[in-house]
Amino acid sequence: MSGSSGPDRPGPGAGGHDDCSRLRLTRQIEAPVPGVADALTPGDVLAVDLRAGTVDIVVLVDASGRDAGSVIATGRLLDCLRQGAPFEAAVLTVRGGAIQVEVRAPA
C-alpha cells in the first residue's frame, strides 16, 4: 500500500482541517430570504451551516439564527463541512438582490 496515513486521512487531493482553513470561495447568495438578506450590508458575517439531506445544502445564517439564503458549494467545501471544519461568510457587496459573499474559515 502506498501513502496511507491511517483511518483519519483525508480523501484524494484533500489536506484535512489545515487545508480547509485555507479554502476561500466567492459566491452569490442563492434564494435570498426576504427580510433577512435584504438587511445585509458589506462587512456583515454569516455562519455557514451544512443541512444534510437527499441533497446537502449550504445555508448562511445571520447572528439572530435566521436563514439568509444558501450558496452553491464546491465538493471541497462540502467535504470540509462534513469533516466539521468551521466556515463563515463575509458579505462583500450588495447590489439590489445580488449579494456577494466570501466563504472562508473564521479568523
# chains A, B, ... in the order shown; residues from 1 in each chain; ligands from 1

call {"tool": "residues_around", "arguments": {"residues": "Gly43 in chain A", "least_positions_apart": "4", "cutoff": "8 Å", "atoms": "only C-alpha atoms", "output": "list in words"}}
result
Ala90, Val91 and Leu92 of chain A

call {"tool": "write_last_selection", "arguments": {"atoms": "N, CA, C and O atoms", "output": "short mmCIF file (atom, residue, chain, number, x, y, z; two decimals), in the first residue's frame"}}
result
data_model
loop_
_atom_site.label_atom_id
_atom_site.label_comp_id
_atom_site.auth_asym_id
_atom_site.auth_seq_id
_atom_site.Cartn_x
_atom_site.Cartn_y
_atom_site.Cartn_z
N ALA A 90 -18.50 36.27 4.76
CA ALA A 90 -18.46 37.72 4.92
C ALA A 90 -19.11 38.37 3.70
O ALA A 90 -18.79 38.02 2.56
N VAL A 91 -20.04 39.29 3.95
CA VAL A 91 -20.70 39.99 2.86
C VAL A 91 -19.71 40.96 2.23
O VAL A 91 -19.13 41.80 2.91
N LEU A 92 -19.51 40.82 0.92
CA LEU A 92 -18.59 41.68 0.18
C LEU A 92 -19.32 42.85 -0.47
O LEU A 92 -18.93 44.00 -0.30
#

call {"tool": "residues_around", "arguments": {"residues": "Cys20 in chain A", "least_positions_apart": "4", "cutoff": "10 Å", "atoms": "only C-alpha atoms", "output": "list in words"}}
result
Ala14, Gly15, Gly16, Arg24, Arg76, Leu77, Asp79, Cys80, Leu81, Gln83, Gly84, Ala85, Pro86, Phe87, Arg104 and Ala105 of chain A

call {"tool": "atom_distance", "arguments": {"atom1": "CA of Val33 in chain A", "atom2": "CA of Ala73 in chain A"}}
result
18.0 Å

call {"tool": "residues_around", "arguments": {"residues": "Gly96 in chain A", "least_positions_apart": "4", "cutoff": "12 Å", "atoms": "only C-alpha atoms", "output": "list in words"}}
result
Ile29, Pro32, Pro34, Ala37, Asp38, Ala39, Leu40, Thr41 and Gln100 of chain A

call {"tool": "closest_residue", "arguments": {"among": "A:Val58, A:Val36, A:Val94, A:Arg22", "to": "Ile72 in chain A", "atoms": "only C-alpha atoms"}}
result
A:Val58

call {"tool": "select_by_dssp", "arguments": {"residues": "chain A", "states": "alpha helix (DSSP H)", "output": "list in words"}}
result
Gly16, His17, Asp18, Asp19, Cys20, Ser21, Gly75, Arg76, Leu77, Leu78, Asp79, Cys80, Leu81 and Arg82 of chain A

call {"tool": "atom_distance", "arguments": {"atom1": "CA of Val101 in chain A", "atom2": "CA of Gly53 in chain A"}}
result
23.8 Å

call {"tool": "select_by_dssp", "arguments": {"residues": "range 3-106 of chain A", "states": "strand (DSSP E)", "output": "VMD selection string"}}
result
chain A and resid 24 to 28 45 to 51 57 to 61 67 to 71 88 to 95 98 to 104

call {"tool": "residues_around", "arguments": {"residues": "Val103 in chain A", "least_positions_apart": "6", "cutoff": "6 Å", "atoms": "only C-alpha atoms", "output": "number ranges by chain"}}
result
A: 24-25, 88-89

call {"tool": "closest_residue", "arguments": {"among": "A:Gly75, A:Gly97, A:Gly65, A:Pro106", "to": "Ser21 in chain A", "atoms": "only C-alpha atoms"}}
result
A:Pro106

call {"tool": "atom_distance", "arguments": {"atom1": "CA of Leu50 in chain A", "atom2": "CA of Gly69 in chain A"}}
result
12.1 Å
